[in-house]
file coords.csv (CSV, C-alpha atoms)
chain,number,residue,atom,x,y,z
P,929,MET,CA,-25.5,-23.4,2.8
P,930,SER,CA,-22.0,-22.9,1.7
P,931,GLU,CA,-23.3,-21.6,-1.7
P,932,ALA,CA,-25.5,-19.1,0.1
P,933,ASN,CA,-22.5,-18.0,2.1
P,934,ASN,CA,-20.6,-17.3,-1.0
P,935,ALA,CA,-23.4,-15.2,-2.6
P,936,PRO,CA,-21.8,-11.9,-3.8
P,937,VAL,CA,-22.9,-8.5,-2.6
P,938,LYS,CA,-25.0,-7.0,-5.4
P,939,LYS,CA,-26.4,-3.8,-3.9
P,940,MET,CA,-25.4,-1.6,-1.0
P,941,MET,CA,-28.2,0.5,0.5
P,942,LEU,CA,-26.5,3.1,2.8
P,943,ILE,CA,-28.4,5.2,5.3
P,944,LEU,CA,-26.6,8.4,6.1
P,945,SER,CA,-27.9,9.8,9.4
P,946,LYS,CA,-25.1,12.1,10.5
P,947,ALA,CA,-23.3,15.0,9.0
P,948,THR,CA,-20.0,15.0,10.7
P,949,ILE,CA,-17.4,14.9,8.0
P,950,GLU,CA,-16.0,11.5,9.0
P,951,ASN,CA,-19.4,9.9,8.7
P,952,VAL,CA,-20.2,11.5,5.4
P,953,TYR,CA,-16.9,10.4,3.9
P,954,ALA,CA,-17.3,6.9,5.3
P,955,CYS,CA,-20.6,6.7,3.5
P,956,PHE,CA,-19.4,8.2,0.2
P,957,VAL,CA,-16.3,6.0,0.1
P,958,LEU,CA,-18.4,2.9,0.7
P,959,ALA,CA,-20.9,3.9,-2.0
P,960,ASN,CA,-18.2,4.8,-4.5
P,961,GLY,CA,-16.1,1.7,-3.6
P,962,ALA,CA,-19.2,-0.4,-4.3
P,963,ARG,CA,-19.6,1.0,-7.8
P,964,MET,CA,-15.9,0.5,-8.5
P,965,GLU,CA,-16.4,-3.2,-7.8
P,966,GLY,CA,-19.5,-3.4,-10.0
P,967,ILE,CA,-21.9,-3.3,-7.1
P,968,GLU,CA,-24.9,-1.1,-7.1
P,969,SER,CA,-25.2,1.6,-4.4
P,970,GLU,CA,-27.8,4.0,-3.1
P,971,ILE,CA,-27.6,6.5,-0.3
P,972,PHE,CA,-30.6,7.5,1.8
P,973,CYS,CA,-29.9,10.8,3.6
P,974,THR,CA,-32.0,11.2,6.8
P,975,PHE,CA,-32.0,13.5,9.8
P,976,PHE,CA,-28.6,15.2,10.0
P,977,GLY,CA,-27.4,13.2,7.1
P,978,LEU,CA,-29.5,15.6,4.9
P,979,GLU,CA,-26.8,18.2,5.5
P,980,ALA,CA,-24.6,16.3,3.1
P,981,LEU,CA,-27.2,17.1,0.4
P,982,ASN,CA,-28.0,20.7,1.6
P,983,LYS,CA,-26.4,23.0,-1.0
P,984,LYS,CA,-25.7,25.7,1.5
P,985,ARG,CA,-24.1,23.3,4.0
P,986,LEU,CA,-22.5,20.4,2.1
P,987,ASP,CA,-19.1,22.0,1.6
P,988,HIS,CA,-18.9,23.3,5.2
P,989,LEU,CA,-19.3,20.1,7.2
P,990,HIS,CA,-17.1,19.7,10.3
P,991,VAL,CA,-15.4,16.9,12.1
P,992,ALA,CA,-16.6,16.3,15.7
P,993,THR,CA,-14.0,17.3,18.2
P,994,VAL,CA,-16.2,16.7,21.3
P,995,GLY,CA,-17.0,13.2,22.4
P,996,ASN,CA,-14.7,11.7,19.8
P,997,PRO,CA,-11.8,10.0,21.7
P,998,ALA,CA,-10.1,9.0,18.5
P,999,MET,CA,-9.4,12.7,17.8
P,1000,HIS,CA,-7.0,12.6,20.8
P,1001,ILE,CA,-8.2,16.1,21.8
P,1002,PRO,CA,-9.5,16.2,25.4
P,1003,THR,CA,-13.2,16.9,25.5
P,1004,MET,CA,-12.8,20.1,27.4
P,1005,LEU,CA,-10.4,21.5,24.8
P,1006,GLY,CA,-12.5,20.1,21.9
P,1007,GLY,CA,-15.3,22.4,22.9
P,1008,LEU,CA,-13.2,25.6,22.7
P,1009,PRO,CA,-14.3,28.1,20.1
P,1010,GLY,CA,-12.6,27.5,16.7
P,1011,MET,CA,-11.4,24.0,17.6
P,1012,GLU,CA,-13.7,22.2,15.2
P,1013,ALA,CA,-12.8,24.6,12.4
P,1014,VAL,CA,-9.1,24.0,13.0
P,1015,ALA,CA,-9.4,20.2,13.2
P,1016,THR,CA,-11.6,20.2,10.1
P,1017,LYS,CA,-9.1,22.3,8.1
P,1018,MET,CA,-6.3,19.9,9.0
P,1019,MET,CA,-8.3,16.9,8.1
P,1020,LYS,CA,-9.4,18.4,4.8
P,1021,ALA,CA,-5.7,19.1,3.9
P,1022,GLU,CA,-4.8,15.5,4.7
P,1023,MET,CA,-7.7,14.2,2.6
P,1024,GLU,CA,-6.7,16.4,-0.4
P,1025,LYS,CA,-3.2,14.8,-0.2
P,1026,LEU,CA,-4.9,11.4,-0.6
P,1027,ASP,CA,-6.9,12.6,-3.5
P,1028,ILE,CA,-10.2,12.5,-1.6
P,1029,PRO,CA,-12.5,15.1,-3.2
P,1030,PRO,CA,-14.5,17.8,-1.3
P,1031,VAL,CA,-18.2,16.8,-0.5
P,1032,GLY,CA,-19.7,18.6,-3.5
P,1033,GLU,CA,-17.3,17.2,-6.0
P,1034,PHE,CA,-17.7,13.7,-4.4
P,1035,LEU,CA,-21.5,14.0,-5.0
P,1036,ASP,CA,-20.8,14.7,-8.7
P,1037,ILE,CA,-18.5,11.6,-8.8
P,1038,LEU,CA,-21.1,9.4,-7.1
P,1039,LYS,CA,-23.8,10.6,-9.5
P,1040,ALA,CA,-21.6,10.0,-12.6
P,1041,SER,CA,-20.8,6.6,-11.2
P,1042,GLY,CA,-24.4,5.6,-11.0
P,1043,THR,CA,-25.0,5.9,-7.2
P,1044,LYS,CA,-28.5,6.9,-6.4
P,1045,LEU,CA,-29.0,9.7,-4.0
P,1046,TRP,CA,-32.2,10.0,-2.0
P,1047,ALA,CA,-33.5,12.5,0.6
P,1048,CYS,CA,-35.7,11.4,3.5
P,1049,LYS,CA,-39.1,13.0,3.3
P,1050,LEU,CA,-39.7,13.1,7.1
P,1051,ALA,CA,-36.3,14.7,7.7
P,1052,MET,CA,-37.0,17.3,5.0
P,1053,ASP,CA,-40.4,18.2,6.6
P,1054,MET,CA,-38.7,18.4,10.0
P,1055,PHE,CA,-35.9,20.7,8.9
P,1056,LYS,CA,-38.2,22.6,6.6
P,1057,LEU,CA,-36.1,21.9,3.5
P,1058,LYS,CA,-37.4,22.0,0.0
P,1059,LYS,CA,-36.1,20.1,-3.0
P,1060,GLU,CA,-34.5,23.4,-4.3
P,1061,ASP,CA,-32.4,23.5,-1.1
P,1062,LEU,CA,-30.8,20.2,-2.0
P,1063,TYR,CA,-28.0,19.1,-4.4
P,1064,ASP,CA,-29.6,19.5,-7.9
P,1065,ASP,CA,-28.9,15.9,-9.0
P,1066,ILE,CA,-30.6,13.9,-6.3
P,1067,ASP,CA,-32.8,11.1,-7.6
P,1068,GLY,CA,-35.7,12.0,-5.4
P,1069,VAL,CA,-37.4,12.2,-2.0
P,1070,LEU,CA,-38.4,8.9,-0.4
P,1071,THR,CA,-40.3,7.7,2.6
P,1072,VAL,CA,-38.8,4.9,4.6
P,1073,GLY,CA,-41.2,2.5,3.0
P,1074,ASP,CA,-40.1,3.5,-0.5
P,1075,PHE,CA,-36.5,3.0,0.6
P,1076,TYR,CA,-37.2,-0.6,1.8
P,1077,ALA,CA,-39.0,-1.3,-1.4
P,1078,ARG,CA,-35.8,-0.4,-3.3
P,1079,ALA,CA,-33.8,-2.8,-1.1
P,1080,LYS,CA,-35.5,-5.9,-2.3
P,1081,GLY,CA,-33.5,-8.7,-4.1
P,1082,GLU,CA,-30.9,-11.2,-3.2
P,1083,GLY,CA,-27.4,-9.8,-2.3
P,1084,THR,CA,-28.7,-6.5,-1.0
P,1085,HIS,CA,-27.2,-5.1,2.2
P,1086,VAL,CA,-28.5,-2.2,4.3
P,1087,LEU,CA,-26.0,-0.3,6.3
P,1088,PHE,CA,-26.8,2.5,8.8
P,1089,ILE,CA,-24.1,5.2,9.2
M,1411,MET,CA,3.1,-17.1,-12.3
M,1412,GLU,CA,3.0,-17.4,-16.1
M,1413,LYS,CA,0.0,-17.2,-18.3
M,1414,ILE,CA,-0.3,-17.5,-22.1
M,1415,ILE,CA,-2.3,-14.6,-23.4
M,1416,ALA,CA,-2.8,-14.2,-27.2
M,1417,GLY,CA,-0.1,-16.8,-27.8
M,1418,LYS,CA,2.5,-15.0,-25.7
M,1419,THR,CA,3.7,-16.1,-22.3
M,1420,VAL,CA,3.6,-13.3,-19.8
M,1421,GLU,CA,4.1,-12.9,-16.0
M,1422,VAL,CA,0.9,-12.2,-14.1
M,1423,ASN,CA,-0.1,-12.2,-10.4
M,1424,GLU,CA,-2.7,-14.5,-8.9
M,1425,GLU,CA,-5.5,-12.2,-10.0
M,1426,GLY,CA,-4.3,-12.1,-13.6
M,1427,TYR,CA,-2.8,-8.6,-13.6
M,1428,MET,CA,0.3,-8.4,-15.7
M,1429,LEU,CA,3.5,-7.7,-13.9
M,1430,ASN,CA,5.7,-6.3,-16.7
M,1431,LEU,CA,4.2,-3.6,-18.9
M,1432,ASN,CA,6.9,-4.2,-21.5
M,1433,GLU,CA,5.4,-7.7,-22.2
M,1434,TRP,CA,2.1,-6.1,-23.1
M,1435,ASN,CA,0.8,-5.6,-26.6
M,1436,LYS,CA,-2.5,-4.8,-28.2
M,1437,GLU,CA,-3.4,-8.4,-29.0
M,1438,ILE,CA,-3.0,-9.3,-25.3
M,1439,ALA,CA,-5.2,-6.3,-24.5
M,1440,ASN,CA,-7.9,-7.4,-26.9
M,1441,GLU,CA,-7.9,-10.9,-25.4
M,1442,LEU,CA,-8.1,-9.6,-21.8
M,1443,ALA,CA,-10.9,-7.2,-22.9
M,1444,ALA,CA,-12.8,-10.1,-24.4
M,1445,GLU,CA,-12.6,-12.0,-21.1
M,1446,HIS,CA,-14.7,-9.1,-19.7
M,1447,GLU,CA,-17.0,-9.0,-22.8
M,1448,ILE,CA,-15.5,-5.7,-24.0
M,1449,ALA,CA,-14.8,-5.1,-27.7
M,1450,MET,CA,-12.1,-2.5,-27.8
M,1451,ASN,CA,-12.6,0.7,-29.8
M,1452,ASP,CA,-10.8,4.0,-30.2
M,1453,GLU,CA,-12.3,5.4,-26.9
M,1454,HIS,CA,-11.1,2.3,-25.0
M,1455,TRP,CA,-7.6,2.7,-26.4
M,1456,LYS,CA,-7.4,6.3,-25.4
M,1457,VAL,CA,-8.2,5.3,-21.8
M,1458,ILE,CA,-5.6,2.5,-21.9
M,1459,ASP,CA,-3.0,4.9,-23.2
M,1460,PHE,CA,-3.7,7.3,-20.4
M,1461,LEU,CA,-3.6,4.6,-17.7
M,1462,GLN,CA,-0.2,3.4,-19.0
M,1463,ASP,CA,1.2,6.9,-19.1
M,1464,GLN,CA,0.1,7.4,-15.5
M,1465,HIS,CA,1.6,4.1,-14.5
M,1466,ARG,CA,5.0,4.9,-16.2
M,1467,ASN,CA,5.0,8.2,-14.2
M,1468,GLU,CA,4.1,6.3,-11.0
M,1469,VAL,CA,0.9,8.3,-10.4
M,1470,PRO,CA,-1.5,6.2,-8.3
M,1471,LEU,CA,-4.9,6.0,-10.1
M,1472,SER,CA,-8.3,6.9,-8.7
M,1473,ILE,CA,-11.7,7.6,-10.2
M,1474,ARG,CA,-11.2,11.3,-9.4
M,1475,LYS,CA,-8.0,11.3,-11.6
M,1476,ILE,CA,-9.9,9.6,-14.4
M,1477,GLY,CA,-12.6,12.2,-14.2
M,1478,LYS,CA,-10.0,15.0,-14.5
M,1479,SER,CA,-7.9,13.2,-17.2
M,1480,GLY,CA,-9.6,15.1,-20.1
M,1481,VAL,CA,-9.6,11.7,-21.9
M,1482,VAL,CA,-12.9,10.4,-20.6
M,1483,ASP,CA,-15.5,11.5,-18.1
M,1484,ILE,CA,-16.6,9.2,-15.2
M,1485,LYS,CA,-20.0,8.3,-16.7
M,1486,LYS,CA,-18.4,7.3,-20.0
M,1487,PHE,CA,-15.6,5.4,-18.2
M,1488,TYR,CA,-18.3,3.3,-16.5
M,1489,ALA,CA,-20.0,2.7,-19.8
M,1490,LEU,CA,-16.7,1.7,-21.5
M,1491,PHE,CA,-15.6,-0.7,-18.8
M,1492,PRO,CA,-18.7,-1.9,-16.9
M,1493,ASN,CA,-18.6,-3.9,-13.6
M,1494,GLY,CA,-15.6,-2.4,-12.0
M,1495,PRO,CA,-14.1,0.1,-14.5
M,1496,LEU,CA,-10.7,1.0,-12.9
M,1497,LYS,CA,-9.8,-2.6,-12.1
M,1498,ILE,CA,-10.9,-4.0,-15.5
M,1499,SER,CA,-9.3,-1.2,-17.5
M,1500,SER,CA,-6.0,-1.5,-15.5
M,1501,LYS,CA,-6.0,-5.3,-16.2
M,1502,ILE,CA,-6.5,-4.7,-19.9
M,1503,ALA,CA,-3.8,-2.0,-19.8
M,1504,GLY,CA,-1.3,-4.5,-18.4
M,1505,ILE,CA,-0.6,-2.4,-15.3
M,1506,THR,CA,-0.9,-3.2,-11.6
M,1507,LYS,CA,-4.2,-3.4,-9.8
M,1508,PRO,CA,-5.3,0.0,-8.5
M,1509,VAL,CA,-5.1,0.2,-4.7
M,1510,SER,CA,-7.0,3.5,-4.1
M,1511,CYS,CA,-10.3,3.4,-2.2
M,1512,ILE,CA,-11.5,6.4,-4.2
call {"tool": "encode", "arguments": {"input": "coords.csv", "output": "structure tokens"}}
result
Amino acid sequence: MSEANNAPVKKMMLILSKATIENVYACFVLANGARMEGIESEIFCTFFGLEALNKKRLDHLHVATVGNPAMHIPTMLGGLPGMEAVATKMMKAEMEKLDIPPVGEFLDILKASGTKLWACKLAMDMFKLKKEDLYDDIDGVLTVGDFYARAKGEGTHVLFI
Amino acid sequence: MEKIIAGKTVEVNEEGYMLNLNEWNKEIANELAAEHEIAMNDEHWKVIDFLQDQHRNEVPLSIRKIGKSGVVDIKKFYALFPNGPLKISSKIAGITKPVSCI
């Protein structure tokens, strides 16, 4: 039992389902951090998470200012025109100070680091996206069954973001 | 704590990272590299030089900085120092453990 409890993490299978910038970065930092520790990592982008792979959209993602109490912006104000853009600009400036790359550059780093990037087939059909619309270096388009098949093996963890 | 590496007594922390870069030499680096099954070649040394320069200038290290270093690209960096490249290369370079999450 104690031996099993000490089993190391060998692979992180991250499911990215949202495209607010804080979720995308959480996912990318976890994927990159895994590789930096010698752990395999793969990201499966589904539903709105596909935006993080959508060439036209990936460098224009926003932070959510409505319904996000941690932003410390009252919900009524968070909904005002331009509020998301301002909050996003401020957050991006702070991230640059911490040497956190923009989304497109982060994808390049993840690919070079050996993280696998997958797009969800169902979500692509739903949003009428073609492979050409997505980041050039994705590893492919998967069904959920394909994704689970890749998650086999001891020490694999699946995380929904 | 103290540790004898390549016949020399040096100060290390509990994870084996050297505390004084001035105690470091290439024999120590070779032995630390061997612990990670790495045989040092010219490309490895170039990276080690770069890391030590950054450390002396007190620049915090990140994978992004490595990619922009002009010394090595990220793919090559992972190939040179497998299984945790920044941590392992920092240990071999005799500098503190990197703390960045990127």
call {"tool": "closest_residue", "arguments": {"input": "coords.csv", "among": "M:Leu1461, M:Ala1443, M:Leu1429, M:Ile1484", "to": "Ile1498 in chain M", "atoms": "all atoms listed in the file"}}
result
M:Ala1443
call {"tool": "atom_distance", "arguments": {"input": "coords.csv", "atom1": "CA of Glu1421 in chain M", "atom2": "CA of Ser1472 in chain M"}}
result
24.5 Å
call {"tool": "atom_distance", "arguments": {"input": "coords.csv", "atom1": "CA of Val1481 in chain M", "atom2": "CA of Val1422 in chain M"}}
result
27.2 Å
call {"tool": "interface_residues", "arguments": {"input": "coords.csv", "of": "chain M", "to": "chain P", "cutoff": "9 Å", "atoms": "only C-alpha atoms", "output": "ChimeraX atom specification"}}
result
/M:1472-1475,1477,1483-1488,1492-1497,1510-1512
call {"tool": "write_last_selection", "arguments": {"input": "coords.csv", "atoms": "C-alpha atoms", "output": "PDB file, in the frame of the given file"}}
result
ATOM      1  CA  SER M1472      -8.300   6.900  -8.700  1.00  0.00           C
ATOM      2  CA  ILE M1473     -11.700   7.600 -10.200  1.00  0.00           C
ATOM      3  CA  ARG M1474     -11.200  11.300  -9.400  1.00  0.00           C
ATOM      4  CA  LYS M1475      -8.000  11.300 -11.600  1.00  0.00           C
ATOM      5  CA  GLY M1477     -12.600  12.200 -14.200  1.00  0.00           C
ATOM      6  CA  ASP M1483     -15.500  11.500 -18.100  1.00  0.00           C
ATOM      7  CA  ILE M1484     -16.600   9.200 -15.200  1.00  0.00           C
ATOM      8  CA  LYS M1485     -20.000   8.300 -16.700  1.00  0.00           C
ATOM      9  CA  LYS M1486     -18.400   7.300 -20.000  1.00  0.00           C
ATOM     10  CA  PHE M1487     -15.600   5.400 -18.200  1.00  0.00           C
ATOM     11  CA  TYR M1488     -18.300   3.300 -16.500  1.00  0.00           C
ATOM     12  CA  PRO M1492     -18.700  -1.900 -16.900  1.00  0.00           C
ATOM     13  CA  ASN M1493     -18.600  -3.900 -13.600  1.00  0.00           C
ATOM     14  CA  GLY M1494     -15.600  -2.400 -12.000  1.00  0.00           C
ATOM     15  CA  PRO M1495     -14.100   0.100 -14.500  1.00  0.00           C
ATOM     16  CA  LEU M1496     -10.700   1.000 -12.900  1.00  0.00           C
ATOM     17  CA  LYS M1497      -9.800  -2.600 -12.100  1.00  0.00           C
ATOM     18  CA  SER M1510      -7.000   3.500  -4.100  1.00  0.00           C
ATOM     19  CA  CYS M1511     -10.300   3.400  -2.200  1.00  0.00           C
ATOM     20  CA  ILE M1512     -11.500   6.400  -4.200  1.00  0.00           C
TER      21      ILE M1512
END
call {"tool": "residues_around", "arguments": {"input": "coords.csv", "residues": "range 988-996 of chain P", "least_positions_apart": "2", "cutoff": "9 Å", "atoms": "only C-alpha atoms", "output": "list in words"}}
result
Ala947, Thr948, Ile949, Glu950, Asn951, Val952, Glu979, Ala980, Lys984, Arg985, Leu986, Ala998, Met999, His1000, Ile1001, Pro1002, Thr1003, Met1004, Leu1005, Gly1006, Gly1007, Met1011, Glu1012, Ala1013, Ala1015, Thr1016, Lys1017, Met1019 and Val1031 of chain P
call {"tool": "decode", "arguments": {"input": "coords.csv", "residues": "range 1449-1476 of chain M", "atoms": "N, CA and C atoms", "output": "mmCIF file, in the first residue's frame"}}
result
data_model
loop_
_atom_site.group_PDB
_atom_site.id
_atom_site.type_symbol
_atom_site.label_atom_id
_atom_site.label_comp_id
_atom_site.auth_asym_id
_atom_site.auth_seq_id
_atom_site.Cartn_x
_atom_site.Cartn_y
_atom_site.Cartn_z
ATOM 1 N N ALA M 1449 26.937 12.078 -20.416
ATOM 2 C CA ALA M 1449 28.359 12.217 -20.731
ATOM 3 C C ALA M 1449 28.546 13.596 -21.354
ATOM 4 N N MET M 1450 29.287 14.442 -20.673
ATOM 5 C CA MET M 1450 29.394 15.837 -21.095
ATOM 6 C C MET M 1450 30.146 15.965 -22.428
ATOM 7 N N ASN M 1451 29.594 16.786 -23.337
ATOM 8 C CA ASN M 1451 30.322 17.127 -24.565
ATOM 9 C C ASN M 1451 30.281 18.654 -24.736
ATOM 10 N N ASP M 1452 30.835 19.138 -25.861
ATOM 11 C CA ASP M 1452 30.941 20.592 -26.052
ATOM 12 C C ASP M 1452 29.598 21.313 -25.908
ATOM 13 N N GLU M 1453 28.542 20.658 -26.415
ATOM 14 C CA GLU M 1453 27.224 21.308 -26.355
ATOM 15 C C GLU M 1453 26.735 21.449 -24.918
ATOM 16 N N HIS M 1454 26.977 20.399 -24.130
ATOM 17 C CA HIS M 1454 26.619 20.490 -22.708
ATOM 18 C C HIS M 1454 27.371 21.642 -22.030
ATOM 19 N N TRP M 1455 28.670 21.723 -22.298
ATOM 20 C CA TRP M 1455 29.489 22.756 -21.634
ATOM 21 C C TRP M 1455 29.024 24.154 -21.989
ATOM 22 N N LYS M 1456 28.609 24.348 -23.261
ATOM 23 C CA LYS M 1456 28.113 25.675 -23.671
ATOM 24 C C LYS M 1456 26.907 26.074 -22.826
ATOM 25 N N VAL M 1457 26.017 25.102 -22.592
ATOM 26 C CA VAL M 1457 24.833 25.384 -21.782
ATOM 27 C C VAL M 1457 25.241 25.696 -20.344
ATOM 28 N N ILE M 1458 26.172 24.916 -19.817
ATOM 29 C CA ILE M 1458 26.633 25.130 -18.436
ATOM 30 C C ILE M 1458 27.238 26.533 -18.286
ATOM 31 N N ASP M 1459 28.066 26.931 -19.272
ATOM 32 C CA ASP M 1459 28.647 28.292 -19.256
ATOM 33 C C ASP M 1459 27.558 29.354 -19.195
ATOM 34 N N PHE M 1460 26.541 29.158 -20.054
ATOM 35 C CA PHE M 1460 25.439 30.123 -20.112
ATOM 36 C C PHE M 1460 24.718 30.205 -18.760
ATOM 37 N N LEU M 1461 24.421 29.052 -18.181
ATOM 38 C CA LEU M 1461 23.699 29.029 -16.894
ATOM 39 C C LEU M 1461 24.511 29.746 -15.805
ATOM 40 N N GLN M 1462 25.806 29.486 -15.797
ATOM 41 C CA GLN M 1462 26.648 30.117 -14.767
ATOM 42 C C GLN M 1462 26.716 31.638 -14.961
ATOM 43 N N ASP M 1463 26.779 32.068 -16.239
ATOM 44 C CA ASP M 1463 26.771 33.520 -16.511
ATOM 45 C C ASP M 1463 25.488 34.155 -15.991
ATOM 46 N N GLN M 1464 24.361 33.510 -16.290
ATOM 47 C CA GLN M 1464 23.072 34.031 -15.848
ATOM 48 C C GLN M 1464 23.024 34.100 -14.326
ATOM 49 N N HIS M 1465 23.545 33.055 -13.695
ATOM 50 C CA HIS M 1465 23.551 32.986 -12.238
ATOM 51 C C HIS M 1465 24.388 34.131 -11.655
ATOM 52 N N ARG M 1466 25.569 34.363 -12.246
ATOM 53 C CA ARG M 1466 26.443 35.440 -11.750
ATOM 54 C C ARG M 1466 25.776 36.801 -11.900
ATOM 55 N N ASN M 1467 24.957 36.922 -12.979
ATOM 56 C CA ASN M 1467 24.249 38.191 -13.194
ATOM 57 C C ASN M 1467 22.913 38.234 -12.454
ATOM 58 N N GLU M 1468 22.663 37.196 -11.657
ATOM 59 C CA GLU M 1468 21.440 37.101 -10.859
ATOM 60 C C GLU M 1468 20.171 37.145 -11.699
ATOM 61 N N VAL M 1469 20.221 36.558 -12.895
ATOM 62 C CA VAL M 1469 19.032 36.462 -13.744
ATOM 63 C C VAL M 1469 18.336 35.134 -13.416
ATOM 64 N N PRO M 1470 17.054 35.174 -12.989
ATOM 65 C CA PRO M 1470 16.364 33.906 -12.726
ATOM 66 C C PRO M 1470 16.166 33.122 -14.024
ATOM 67 N N LEU M 1471 16.363 31.831 -13.969
ATOM 68 C CA LEU M 1471 16.306 31.013 -15.180
ATOM 69 C C LEU M 1471 14.903 30.482 -15.442
ATOM 70 N N SER M 1472 14.549 30.363 -16.711
ATOM 71 C CA SER M 1472 13.286 29.745 -17.097
ATOM 72 C C SER M 1472 13.514 29.060 -18.441
ATOM 73 N N ILE M 1473 12.607 28.180 -18.798
ATOM 74 C CA ILE M 1473 12.747 27.465 -20.075
ATOM 75 C C ILE M 1473 12.673 28.474 -21.237
ATOM 76 N N ARG M 1474 11.894 29.537 -21.027
ATOM 77 C CA ARG M 1474 11.774 30.551 -22.076
ATOM 78 C C ARG M 1474 13.125 31.236 -22.318
ATOM 79 N N LYS M 1475 13.836 31.545 -21.233
ATOM 80 C CA LYS M 1475 15.153 32.193 -21.366
ATOM 81 C C LYS M 1475 16.145 31.263 -22.055
ATOM 82 N N ILE M 1476 16.065 29.975 -21.738
ATOM 83 C CA ILE M 1476 16.943 29.009 -22.400
ATOM 84 C C ILE M 1476 16.681 29.044 -23.905
#
